[in-house]
file coords12.tsv (TSV, C-alpha atoms)
chain	number	residue	atom	x	y	z
A	1277	MET	CA	172.20	54.19	172.57
A	1278	PHE	CA	174.45	56.79	174.23
A	1279	PHE	CA	173.02	59.56	176.43
A	1280	LEU	CA	175.57	62.28	177.13
A	1281	GLN	CA	174.97	65.17	179.49
A	1282	MET	CA	176.90	68.32	178.64
A	1283	LYS	CA	177.34	71.87	179.83
A	1284	ALA	CA	176.98	74.83	177.54
A	1285	PRO	CA	180.37	76.26	176.43
A	1286	GLU	CA	181.52	79.70	177.51
A	1287	SER	CA	181.26	80.96	173.94
A	1288	CYS	CA	177.45	80.91	174.15
A	1289	TYR	CA	177.41	83.59	176.88
A	1290	ARG	CA	176.49	86.46	174.60
A	1291	CYS	CA	173.23	88.10	173.61
A	1292	PRO	CA	171.58	86.08	170.81
A	1293	LYS	CA	170.14	89.30	169.39
A	1294	CYS	CA	172.97	91.87	169.41
A	1295	GLY	CA	176.02	89.76	170.31
A	1296	ASN	CA	176.79	91.75	173.47
A	1297	ARG	CA	178.86	89.80	176.00
A	1298	ASP	CA	177.71	91.90	178.95
A	1299	VAL	CA	174.93	89.54	180.07
A	1300	LYS	CA	173.54	88.00	183.26
A	1301	ARG	CA	172.34	84.45	183.78
A	1302	ARG	CA	168.64	84.08	184.45
A	1303	GLY	CA	168.28	80.34	184.93
A	1304	THR	CA	168.67	77.47	182.44
A	1305	PHE	CA	166.67	75.49	179.92
A	1306	ASP	CA	167.17	71.93	178.68
A	1307	ARG	CA	168.09	71.03	175.10
A	1308	VAL	CA	167.92	67.45	173.78
A	1309	VAL	CA	169.74	67.16	170.46
A	1310	HIS	CA	170.87	64.39	168.13
A	1311	ALA	CA	174.59	63.95	167.47
A	1312	PRO	CA	176.47	61.62	165.07
A	1313	PRO	CA	176.38	58.00	166.26
A	1314	ILE	CA	179.29	56.51	168.15
A	1315	GLY	CA	180.02	53.27	166.35
A	1316	MET	CA	176.62	51.78	165.58
A	1317	ASP	CA	174.89	53.38	168.57
A	1318	ARG	CA	172.69	56.47	168.46
A	1319	THR	CA	173.96	59.46	170.40
A	1320	THR	CA	171.71	61.94	172.18
A	1321	LEU	CA	173.03	65.01	173.98
A	1322	PHE	CA	171.34	66.56	177.00
A	1323	ILE	CA	172.54	70.15	177.34
A	1324	LYS	CA	171.71	72.60	180.10
A	1325	ALA	CA	171.80	75.90	178.28
A	1326	PRO	CA	171.60	79.30	180.05
A	1327	ARG	CA	168.95	81.93	179.71
A	1328	LEU	CA	170.64	85.33	179.41
A	1329	GLN	CA	169.62	88.91	180.13
A	1330	CYS	CA	171.36	91.44	177.92
A	1331	LYS	CA	172.15	94.77	179.61
A	1332	ARG	CA	171.99	96.52	176.27
A	1333	CYS	CA	168.73	95.02	174.96
A	1334	ASN	CA	167.28	94.44	178.42
A	1335	GLN	CA	165.70	91.18	177.22
A	1336	VAL	CA	165.89	87.65	178.59
A	1337	LEU	CA	166.57	85.18	175.80
A	1338	ASN	CA	167.70	81.59	175.40
A	1339	ALA	CA	171.40	81.29	174.61
A	1340	VAL	CA	172.39	80.04	171.17
A	1341	LEU	CA	174.50	76.88	171.32
A	1342	PRO	CA	177.39	77.17	168.82
A	1343	ASN	CA	177.35	73.58	167.52
A	1344	VAL	CA	173.57	73.14	167.40
A	1345	VAL	CA	171.52	74.12	164.34
A	1346	PRO	CA	169.27	77.07	165.39
A	1347	LEU	CA	165.65	76.11	166.12
A	1348	CYS	CA	166.46	72.43	165.44
A	1349	ASN	CA	167.16	69.45	167.68
A	1350	TYR	CA	170.36	68.22	166.02
A	1351	THR	CA	173.99	69.31	165.84
A	1352	LYS	CA	175.72	70.73	162.79
A	1353	SER	CA	177.94	67.64	162.54
A	1354	PHE	CA	174.80	65.45	162.56
A	1355	ALA	CA	173.38	67.50	159.67
A	1356	ARG	CA	176.64	67.14	157.68
A	1357	LEU	CA	176.61	63.38	158.22
A	1358	ALA	CA	172.99	63.14	157.09
A	1359	ILE	CA	173.78	65.12	153.93
A	1360	ASP	CA	176.78	62.89	153.10
A	1361	LEU	CA	174.72	59.73	153.66
A	1362	ARG	CA	171.87	61.17	151.60
A	1363	LYS	CA	174.14	61.24	148.54
A	1364	MET	CA	174.38	57.44	148.68
A	1365	MET	CA	171.19	56.34	150.43
A	1366	THR	CA	167.46	57.00	150.35
A	1367	ILE	CA	165.77	59.20	152.95
A	1368	PHE	CA	164.23	56.10	154.54
A	1369	ASP	CA	167.61	54.35	154.83
A	1370	VAL	CA	169.34	57.41	156.31
A	1371	ALA	CA	166.54	57.85	158.84
A	1372	GLN	CA	166.74	54.18	159.82
A	1373	TYR	CA	170.52	54.29	160.22
A	1374	LEU	CA	170.54	57.48	162.30
A	1375	GLY	CA	167.44	56.53	164.29
A	1376	VAL	CA	165.42	59.64	163.50
A	1377	SER	CA	162.31	60.42	161.47
A	1378	GLU	CA	162.22	60.72	157.68
A	1379	THR	CA	160.78	64.21	158.14
A	1380	MET	CA	163.97	65.34	159.90
A	1381	ILE	CA	166.25	63.94	157.18
A	1382	ARG	CA	164.10	65.51	154.46
A	1383	SER	CA	164.24	68.86	156.29
A	1384	ILE	CA	168.05	68.67	156.58
A	1385	ASP	CA	168.39	67.80	152.89
A	1386	LYS	CA	165.99	70.58	151.88
A	1387	LYS	CA	167.89	73.23	153.87
A	1388	TYR	CA	171.16	72.10	152.32
A	1389	LEU	CA	169.74	72.26	148.79
A	1390	GLN	CA	168.18	75.69	149.31
A	1391	LYS	CA	171.40	77.10	150.74
A	1392	ASN	CA	173.68	75.77	148.00
A	1393	PHE	CA	171.44	75.62	144.93
A	1394	GLY	CA	168.32	77.65	145.75
A	1395	LYS	CA	169.30	80.76	143.77
A	1396	PRO	CA	171.28	79.77	140.67
A	1397	ARG	CA	173.62	82.47	139.39
A	1398	LEU	CA	172.45	84.02	136.12
A	1399	ARG	CA	175.19	86.61	135.65
A	1400	ASP	CA	177.39	84.28	133.58
A	1401	LEU	CA	174.55	82.76	131.54
A	1402	GLU	CA	175.41	82.98	127.83
A	1403	ILE	CA	173.78	80.00	126.11
A	1404	MET	CA	170.58	78.39	127.37
A	1405	ALA	CA	167.88	75.93	126.38
A	1406	ILE	CA	164.18	76.06	127.28
A	1407	ASP	CA	161.65	73.24	127.27
A	1408	GLU	CA	158.74	71.92	129.33
A	1409	ILE	CA	158.56	68.53	131.02
A	1410	TYR	CA	155.65	66.45	132.27
A	1411	VAL	CA	156.08	65.50	135.95
A	1412	GLY	CA	152.80	63.79	136.79
A	1413	ARG	CA	149.11	64.42	137.32
A	1414	THR	CA	149.61	66.71	140.34
A	1415	GLN	CA	152.01	69.34	138.99
A	1416	LYS	CA	151.54	68.28	135.35
A	1417	PHE	CA	154.07	70.52	133.55
A	1418	LEU	CA	157.18	72.41	134.62
A	1419	THR	CA	159.16	74.76	132.37
A	1420	ILE	CA	162.91	74.19	132.60
A	1421	VAL	CA	165.66	76.66	131.69
A	1422	LEU	CA	169.07	75.02	131.31
A	1423	ASN	CA	172.53	76.57	131.25
A	1424	TRP	CA	173.63	74.84	128.06
A	1425	GLN	CA	177.34	75.19	128.85
A	1426	THR	CA	177.30	73.77	132.40
A	1427	GLY	CA	174.26	71.49	132.20
A	1428	ALA	CA	172.77	73.05	135.35
A	1429	ILE	CA	169.10	73.98	135.67
A	1430	VAL	CA	168.88	77.71	136.40
A	1431	PHE	CA	165.10	78.11	136.53
A	1432	VAL	CA	162.04	75.96	137.13
A	1433	GLY	CA	158.65	77.51	136.34
A	1434	LYS	CA	155.21	76.12	137.14
A	1435	GLY	CA	153.13	75.19	134.13
A	1436	LYS	CA	154.15	75.75	130.53
A	1437	GLY	CA	154.04	78.53	127.99
A	1438	GLU	CA	155.01	82.17	128.11
A	1439	ASN	CA	153.60	82.94	131.58
A	1440	ALA	CA	155.72	80.25	133.22
A	1441	LEU	CA	158.84	82.28	132.37
A	1442	ASN	CA	157.74	85.71	133.63
A	1443	SER	CA	159.72	85.61	136.88
A	1444	PHE	CA	162.77	84.24	135.06
A	1445	TRP	CA	162.91	87.21	132.67
A	1446	LYS	CA	162.81	89.61	135.65
A	1447	ARG	CA	165.71	87.83	137.33
A	1448	LEU	CA	167.64	87.71	134.06
A	1449	ARG	CA	167.29	91.45	133.53
A	1450	SER	CA	168.40	92.13	137.10
A	1451	SER	CA	171.48	89.93	136.65
A	1452	ARG	CA	172.53	91.83	133.50
A	1453	ALA	CA	173.52	88.57	131.84
A	1454	LYS	CA	174.57	88.77	128.20
A	1455	VAL	CA	172.74	85.85	126.62
A	1456	LYS	CA	174.08	85.02	123.15
A	1457	ALA	CA	171.85	82.14	122.09
A	1458	VAL	CA	168.67	80.31	123.12
A	1459	ALA	CA	167.58	76.83	121.97
A	1460	THR	CA	163.87	75.94	122.01
A	1461	ASP	CA	161.36	73.96	120.00
A	1462	MET	CA	159.08	75.77	117.54
A	1463	ALA	CA	156.30	76.51	120.03
A	1464	ASN	CA	154.78	79.95	119.43
A	1465	ALA	CA	154.90	80.78	123.14
A	1466	TYR	CA	158.70	80.36	123.32
A	1467	TYR	CA	159.19	82.17	120.03
A	1468	ALA	CA	157.26	85.21	121.28
A	1469	ALA	CA	158.87	85.17	124.74
A	1470	VAL	CA	162.45	85.00	123.44
A	1471	ARG	CA	161.82	87.63	120.79
A	1472	LYS	CA	160.34	90.00	123.37
A	1473	ASN	CA	162.85	89.52	126.19
A	1474	LEU	CA	166.08	88.65	124.32
A	1475	PRO	CA	165.85	90.45	120.99
A	1476	GLN	CA	169.65	90.49	120.55
A	1477	ALA	CA	170.14	86.76	121.20
A	1478	LYS	CA	170.24	84.15	118.43
A	1479	HIS	CA	167.13	81.97	118.66
A	1480	VAL	CA	168.00	78.44	117.54
A	1481	PHE	CA	165.17	76.01	116.83
A	1482	ASP	CA	165.93	72.51	117.99
A	1483	ARG	CA	166.73	70.28	115.01
A	1484	PHE	CA	165.39	67.15	116.69
A	1485	HIS	CA	161.98	68.75	117.24
A	1486	ILE	CA	161.90	69.75	113.58
A	1487	ILE	CA	162.62	66.17	112.48
A	1488	LYS	CA	160.02	64.97	114.98
A	1489	ARG	CA	157.41	67.28	113.45
A	1490	MET	CA	158.27	65.96	109.99
A	1491	ASN	CA	157.88	62.39	111.27
A	1492	GLU	CA	154.44	63.30	112.60
A	1493	LYS	CA	153.46	64.61	109.15
A	1494	LEU	CA	154.69	61.39	107.58
A	1495	THR	CA	152.67	59.34	110.06
A	1496	ASP	CA	149.55	61.38	109.26
A	1497	LEU	CA	150.06	60.78	105.55
A	1498	ARG	CA	150.53	57.02	106.03
A	1499	ARG	CA	147.36	56.84	108.15
A	1500	THR	CA	145.37	58.73	105.52
A	1501	LEU	CA	146.64	56.52	102.71
A	1502	GLN	CA	145.89	53.38	104.69
A	1503	ASN	CA	142.29	54.47	105.25
A	1504	GLU	CA	141.87	55.17	101.53
A	1505	ALA	CA	143.78	52.17	100.18
A	1506	GLU	CA	142.26	48.99	98.79
A	1507	GLN	CA	142.42	45.83	100.87
A	1508	MET	CA	145.55	44.58	99.09
A	1509	ASP	CA	147.44	47.78	99.73
A	1510	LYS	CA	146.40	47.85	103.38
A	1511	LYS	CA	148.36	44.66	104.04
A	1512	VAL	CA	151.51	46.33	102.75
A	1513	LEU	CA	150.96	49.59	104.63
A	1514	LYS	CA	150.05	47.88	107.91
A	1515	GLY	CA	152.88	48.07	110.46
A	1516	LEU	CA	154.87	50.43	108.20
A	1517	ARG	CA	154.98	53.39	110.59
A	1518	TRP	CA	158.23	52.56	112.39
A	1519	LEU	CA	159.99	51.66	109.16
A	1520	LEU	CA	159.14	55.09	107.75
A	1521	LEU	CA	160.48	56.81	110.84
A	1522	LYS	CA	163.70	54.80	110.97
A	1523	HIS	CA	166.91	56.18	109.49
A	1524	PRO	CA	167.80	54.16	106.35
A	1525	ASP	CA	171.11	53.07	107.92
A	1526	ASN	CA	169.22	51.51	110.85
A	1527	LEU	CA	166.96	49.21	108.79
A	1528	ASP	CA	167.40	45.56	109.76
A	1529	ASP	CA	168.03	43.42	106.65
A	1530	SER	CA	167.68	40.21	108.67
A	1531	LYS	CA	164.01	41.07	109.20
A	1532	ASP	CA	163.51	42.15	105.56
A	1533	GLU	CA	162.72	45.69	106.73
A	1534	ARG	CA	164.39	47.31	103.72
A	1535	ILE	CA	162.47	45.09	101.26
A	1536	ARG	CA	159.12	45.77	103.00
A	1537	LEU	CA	159.77	49.51	102.91
A	1538	GLN	CA	160.69	49.48	99.21
A	1539	GLU	CA	157.55	47.50	98.36
A	1540	ALA	CA	155.33	49.97	100.18
A	1541	LEU	CA	157.01	52.99	98.58
A	1542	ALA	CA	156.70	51.42	95.13
A	1543	LEU	CA	152.92	51.03	95.61
A	1544	ASN	CA	152.31	54.65	96.53
A	1545	GLN	CA	154.04	57.62	94.93
A	1546	SER	CA	152.84	60.12	97.55
A	1547	LEU	CA	154.28	58.08	100.38
A	1548	ALA	CA	157.56	57.64	98.51
A	1549	THR	CA	157.88	61.38	97.87
A	1550	ALA	CA	157.21	62.22	101.49
A	1551	TYR	CA	159.65	59.59	102.72
A	1552	TYR	CA	162.53	60.77	100.54
A	1553	LEU	CA	161.89	64.41	101.43
A	1554	LYS	CA	161.94	63.45	105.12
A	1555	ASP	CA	165.30	61.77	104.57
A	1556	ASP	CA	166.60	64.89	102.79
A	1557	LEU	CA	165.44	67.25	105.54
A	1558	SER	CA	168.26	66.24	107.92
A	1559	GLN	CA	170.79	67.46	105.33
A	1560	ILE	CA	169.91	71.06	106.23
A	1561	TRP	CA	172.32	70.69	109.17
A	1562	GLN	CA	175.04	68.95	107.15
A	1563	GLN	CA	175.96	71.78	104.75
A	1564	LEU	CA	179.31	73.55	104.62
A	1565	ASP	CA	178.02	76.93	105.73
A	1566	LYS	CA	174.92	78.96	106.52
A	1567	THR	CA	174.51	80.30	102.96
A	1568	THR	CA	174.56	76.84	101.42
A	1569	ALA	CA	172.14	75.59	104.07
A	1570	GLY	CA	169.77	78.47	103.22
A	1571	LYS	CA	169.79	77.50	99.56
A	1572	PHE	CA	169.17	73.87	100.43
A	1573	LEU	CA	166.23	74.83	102.68
A	1574	THR	CA	164.72	76.95	99.90
A	1575	ASP	CA	165.09	74.07	97.45
A	1576	TRP	CA	163.53	71.60	99.89
A	1577	CYS	CA	160.50	73.83	100.43
A	1578	HIS	CA	160.13	74.29	96.66
A	1579	ARG	CA	160.11	70.48	96.13
A	1580	ALA	CA	157.63	70.00	98.98
A	1581	ARG	CA	155.21	72.57	97.52
A	1582	ALA	CA	155.64	71.16	94.01
A	1583	SER	CA	154.66	67.68	95.23
A	1584	GLY	CA	151.09	68.87	95.80
A	1585	ILE	CA	150.89	66.73	98.97
A	1586	LYS	CA	149.06	68.67	101.68
A	1587	VAL	CA	151.19	67.60	104.67
A	1588	LEU	CA	154.40	68.46	102.80
A	1589	MET	CA	153.08	71.85	101.73
A	1590	THR	CA	152.13	72.58	105.36
A	1591	MET	CA	155.62	71.53	106.51
A	1592	ALA	CA	157.24	73.76	103.89
A	1593	LYS	CA	155.19	76.71	105.10
A	1594	THR	CA	156.28	76.02	108.69
A	1595	LEU	CA	159.97	75.79	107.78
A	1596	GLN	CA	159.83	79.04	105.82
A	1597	ALA	CA	158.21	80.81	108.77
A	1598	TYR	CA	160.96	79.60	111.12
A	1599	ARG	CA	163.77	79.86	108.58
A	1600	THR	CA	165.95	82.28	110.58
A	1601	GLY	CA	165.84	80.16	113.73
A	1602	ILE	CA	166.68	77.01	111.78
A	1603	LEU	CA	169.71	78.57	110.07
A	1604	ASN	CA	170.93	80.17	113.32
A	1605	TRP	CA	172.23	76.68	114.12
A	1606	TYR	CA	175.25	77.53	111.96
A	1607	ASP	CA	176.08	80.43	114.28
A	1608	PHE	CA	175.47	78.40	117.44
A	1609	PRO	CA	175.28	74.61	116.84
A	1610	ILE	CA	173.14	73.95	119.89
A	1611	SER	CA	169.86	72.18	120.61
A	1612	SER	CA	167.61	71.37	123.53
A	1613	GLY	CA	168.98	67.82	123.38
A	1614	PRO	CA	170.64	68.07	126.84
A	1615	LEU	CA	167.15	68.66	128.27
A	1616	GLU	CA	166.17	65.19	127.07
A	1617	GLY	CA	168.94	63.80	129.27
A	1618	ILE	CA	167.63	65.96	132.11
A	1619	ASN	CA	164.16	64.44	131.54
A	1620	ASN	CA	165.62	60.96	132.00
A	1621	LYS	CA	167.31	62.02	135.24
A	1622	ILE	CA	164.09	63.56	136.51
A	1623	GLY	CA	162.26	60.33	135.76
A	1624	ALA	CA	164.89	58.36	137.70
A	1625	LEU	CA	164.65	60.87	140.56
A	1626	GLN	CA	160.87	60.42	140.80
A	1627	ARG	CA	161.05	56.64	140.62
A	1628	MET	CA	163.66	56.50	143.39
A	1629	ALA	CA	161.46	58.61	145.67
A	1630	TYR	CA	158.10	57.15	144.52
A	1631	GLY	CA	157.06	60.74	143.84
A	1632	TYR	CA	157.40	63.94	145.89
A	1633	ARG	CA	154.65	65.21	148.17
A	1634	ASP	CA	156.49	68.50	148.70
A	1635	PRO	CA	156.66	70.39	145.35
A	1636	GLU	CA	159.18	72.89	146.77
A	1637	TYR	CA	161.54	70.08	147.80
A	1638	PHE	CA	161.20	68.53	144.34
A	1639	VAL	CA	162.21	71.83	142.69
A	1640	ASP	CA	165.21	72.09	145.05
A	1641	LYS	CA	166.28	68.62	143.92
A	1642	LEU	CA	166.03	69.72	140.29
A	1643	TYR	CA	168.43	72.61	140.85
A	1644	ALA	CA	171.02	70.12	142.13
A	1645	LEU	CA	170.33	67.55	139.42
A	1646	HIS	CA	173.51	68.31	137.45
A	1647	ILE	CA	175.66	66.89	140.28
A	1648	ALA	CA	173.42	63.84	140.85
A	1649	LYS	CA	174.68	60.41	139.86
A	1650	PHE	CA	172.39	57.48	139.20
A	1651	ALA	CA	173.41	53.85	139.13
A	1652	LEU	CA	171.62	50.50	139.04
A	1653	ILE	CA	171.82	48.82	142.44
A	1654	GLY	CA	171.01	45.22	143.35

call {"tool": "encode", "arguments": {"input": "coords12.tsv", "output": "structure tokens"}}
result
Amino acid sequence: MFFLQMKAPESCYRCPKCGNRDVKRRGTFDRVVHAPPIGMDRTTLFIKAPRLQCKRCNQVLNAVLPNVVPLCNYTKSFARLAIDLRKMMTIFDVAQYLGVSETMIRSIDKKYLQKNFGKPRLRDLEIMAIDEIYVGRTQKFLTIVLNWQTGAIVFVGKGKGENALNSFWKRLRSSRAKVKAVATDMANAYYAAVRKNLPQAKHVFDRFHIIKRMNEKLTDLRRTLQNEAEQMDKKVLKGLRWLLLKHPDNLDDSKDERIRLQEALALNQSLATAYYLKDDLSQIWQQLDKTTAGKFLTDWCHRARASGIKVLMTMAKTLQAYRTGILNWYDFPISSGPLEGINNKIGALQRMAYGYRDPEYFVDKLYALHIAKFALIG
């Protein structure tokens, strides 16, 4: 370990409050600060810094050392080194290498994140996606707003629903951003919030959430039929859920999945109708233009209602209610899909840190998530 004793530079002889150089020395005070290691050895600086009396302010204050972070016991170069190491190492590893506490490294990292990512710019926001994520039993849900074009998180709200976005709408109005399109799921809270705060923007309902809702309806129907079926039919329907949800092209012939599915559909007309309508639903986003897609959606809803199957009739009613948002995909072919990738990164971030005790630090990490890189080590 190196212990270096240093004198304060001449540049620090100015009033810390007003910058006046007309000052008088009124004794000294000792500063002990951490500096970057020399080789593999820790380096600690002992600095005798002056106390100064300003003739303009008529106050006696401690001089500010130019290369030391204010109110901290480390140099600016030490902080830069810690930040660079933090990009490749855990907080524990950086603290061990530099010979300081984990609290200090976490504080350095937090200050860096707040300075560089704490207030994301909203002025250039044109296309965005909104969704909530589950982050554990403590914080439970966070509402995420993503800049769809850059992949950067621009807002993190506590909780979920319309109230979680209140502060975001205020900031967005102040920034005078011209938002063209918003991608969300079909939650009523998001629908109402976007309609109220961005009436001119195109609201696009996420296609994957729509397919997911249809899969849930299909699962409900299979469960109902299984409960009502005779013992012989139950054997066929048992374990059928994942086959129904699979895309036909992904069925594994080596495991006789296609044959099992055909047998089950042949036994029950209601299940067959629902399955084929589910398969057709994805074609809404495969039409040549918006007009053709609108006709296809109308036809699909007509077939669903004509089937007389309750879950399909409910789904048709839902699609008709959200028709405009579904067809807006042809104006802006976007989805909240990138947020699913963000969810995976957040999960990796939490696993690497074994959770975050400081919620504010966790949010700061989320704002910088678009530049984070994760790799398997070991």

call {"tool": "atom_distance", "arguments": {"input": "coords12.tsv", "atom1": "atom CA of A:Ile1409", "atom2": "atom CA of A:Asn1491"}}
result
20.7 Å

call {"tool": "residues_around", "arguments": {"input": "coords12.tsv", "residues": "A:Gln1390", "least_positions_apart": "5", "cutoff": "12 Å", "atoms": "only C-alpha atoms", "output": "PyMOL selection string"}}
result
chain A and resi 1383-1385+1395-1396+1636-1644

call {"tool": "residues_around", "arguments": {"input": "coords12.tsv", "residues": "A:Ala1371", "least_positions_apart": "5", "cutoff": "10 Å", "atoms": "only C-alpha atoms", "output": "list in words"}}
result
Ala1358, Leu1361, Arg1362, Met1365, Thr1366, Val1376, Ser1377, Glu1378, Thr1379, Met1380, Ile1381 and Arg1382 of chain A

call {"tool": "atom_distance", "arguments": {"input": "coords12.tsv", "atom1": "atom CA of A:Leu1357", "atom2": "atom CA of A:Ile1622"}}
result
25.1 Å

call {"tool": "residues_around", "arguments": {"input": "coords12.tsv", "residues": "stretch 1606-1621 of chain A", "least_positions_apart": "4", "cutoff": "6 Å", "atoms": "all atoms listed in the file", "output": "JSON, numbers by chain"}}
result
{"A": [1405, 1459, 1482, 1566]}

call {"tool": "build_atoms", "arguments": {"input": "coords12.tsv", "residues": "stretch 1426-1434 of chain A", "atoms": "all heavy atoms", "output": "PDB file, keeping the file's coordinate frame"}}
result
ATOM      1  N   THR A1426     176.979  74.512 131.175  1.00  0.00           N
ATOM      2  CA  THR A1426     177.300  73.770 132.400  1.00  0.00           C
ATOM      3  C   THR A1426     176.385  72.580 132.629  1.00  0.00           C
ATOM      4  O   THR A1426     176.724  71.689 133.411  1.00  0.00           O
ATOM      5  CB  THR A1426     177.220  74.694 133.626  1.00  0.00           C
ATOM      6  OG1 THR A1426     175.864  75.134 133.802  1.00  0.00           O
ATOM      7  CG2 THR A1426     178.127  75.905 133.446  1.00  0.00           C
ATOM      8  N   GLY A1427     175.213  72.565 131.974  1.00  0.00           N
ATOM      9  CA  GLY A1427     174.260  71.490 132.200  1.00  0.00           C
ATOM     10  C   GLY A1427     173.426  71.655 133.448  1.00  0.00           C
ATOM     11  O   GLY A1427     172.684  70.746 133.827  1.00  0.00           O
ATOM     12  N   ALA A1428     173.515  72.807 134.106  1.00  0.00           N
ATOM     13  CA  ALA A1428     172.770  73.050 135.350  1.00  0.00           C
ATOM     14  C   ALA A1428     171.436  73.731 135.052  1.00  0.00           C
ATOM     15  O   ALA A1428     171.351  74.606 134.182  1.00  0.00           O
ATOM     16  CB  ALA A1428     173.592  73.924 136.299  1.00  0.00           C
ATOM     17  N   ILE A1429     170.405  73.320 135.766  1.00  0.00           N
ATOM     18  CA  ILE A1429     169.100  73.980 135.670  1.00  0.00           C
ATOM     19  C   ILE A1429     169.174  75.305 136.429  1.00  0.00           C
ATOM     20  O   ILE A1429     169.571  75.339 137.591  1.00  0.00           O
ATOM     21  CB  ILE A1429     167.999  73.089 136.253  1.00  0.00           C
ATOM     22  CG1 ILE A1429     167.817  71.827 135.398  1.00  0.00           C
ATOM     23  CG2 ILE A1429     166.671  73.840 136.339  1.00  0.00           C
ATOM     24  CD1 ILE A1429     166.829  70.830 135.967  1.00  0.00           C
ATOM     25  N   VAL A1430     168.799  76.391 135.765  1.00  0.00           N
ATOM     26  CA  VAL A1430     168.880  77.710 136.400  1.00  0.00           C
ATOM     27  C   VAL A1430     167.506  78.280 136.722  1.00  0.00           C
ATOM     28  O   VAL A1430     167.408  79.307 137.403  1.00  0.00           O
ATOM     29  CB  VAL A1430     169.669  78.705 135.520  1.00  0.00           C
ATOM     30  CG1 VAL A1430     171.126  78.274 135.401  1.00  0.00           C
ATOM     31  CG2 VAL A1430     169.036  78.835 134.126  1.00  0.00           C
ATOM     32  N   PHE A1431     166.456  77.633 136.219  1.00  0.00           N
ATOM     33  CA  PHE A1431     165.100  78.110 136.530  1.00  0.00           C
ATOM     34  C   PHE A1431     164.107  76.988 136.328  1.00  0.00           C
ATOM     35  O   PHE A1431     164.214  76.216 135.365  1.00  0.00           O
ATOM     36  CB  PHE A1431     164.720  79.305 135.652  1.00  0.00           C
ATOM     37  CG  PHE A1431     163.317  79.803 135.883  1.00  0.00           C
ATOM     38  CD1 PHE A1431     163.013  80.594 136.987  1.00  0.00           C
ATOM     39  CD2 PHE A1431     162.293  79.457 135.012  1.00  0.00           C
ATOM     40  CE1 PHE A1431     161.724  81.028 137.218  1.00  0.00           C
ATOM     41  CE2 PHE A1431     160.994  79.897 135.238  1.00  0.00           C
ATOM     42  CZ  PHE A1431     160.715  80.690 136.344  1.00  0.00           C
ATOM     43  N   VAL A1432     163.149  76.911 137.246  1.00  0.00           N
ATOM     44  CA  VAL A1432     162.040  75.960 137.130  1.00  0.00           C
ATOM     45  C   VAL A1432     160.747  76.744 137.305  1.00  0.00           C
ATOM     46  O   VAL A1432     160.521  77.352 138.360  1.00  0.00           O
ATOM     47  CB  VAL A1432     162.127  74.848 138.184  1.00  0.00           C
ATOM     48  CG1 VAL A1432     160.941  73.891 138.039  1.00  0.00           C
ATOM     49  CG2 VAL A1432     163.441  74.080 138.063  1.00  0.00           C
ATOM     50  N   GLY A1433     159.915  76.780 136.280  1.00  0.00           N
ATOM     51  CA  GLY A1433     158.650  77.510 136.340  1.00  0.00           C
ATOM     52  C   GLY A1433     157.460  76.563 136.363  1.00  0.00           C
ATOM     53  O   GLY A1433     157.486  75.499 135.745  1.00  0.00           O
ATOM     54  N   LYS A1434     156.410  76.945 137.064  1.00  0.00           N
ATOM     55  CA  LYS A1434     155.210  76.120 137.140  1.00  0.00           C
ATOM     56  C   LYS A1434     154.399  76.281 135.865  1.00  0.00           C
ATOM     57  O   LYS A1434     154.195  77.389 135.376  1.00  0.00           O
ATOM     58  CB  LYS A1434     154.366  76.527 138.348  1.00  0.00           C
ATOM     59  CG  LYS A1434     155.028  76.233 139.686  1.00  0.00           C
ATOM     60  CD  LYS A1434     154.133  76.639 140.842  1.00  0.00           C
ATOM     61  CE  LYS A1434     154.803  76.358 142.186  1.00  0.00           C
ATOM     62  NZ  LYS A1434     153.935  76.754 143.331  1.00  0.00           N
TER      63      LYS A1434
END
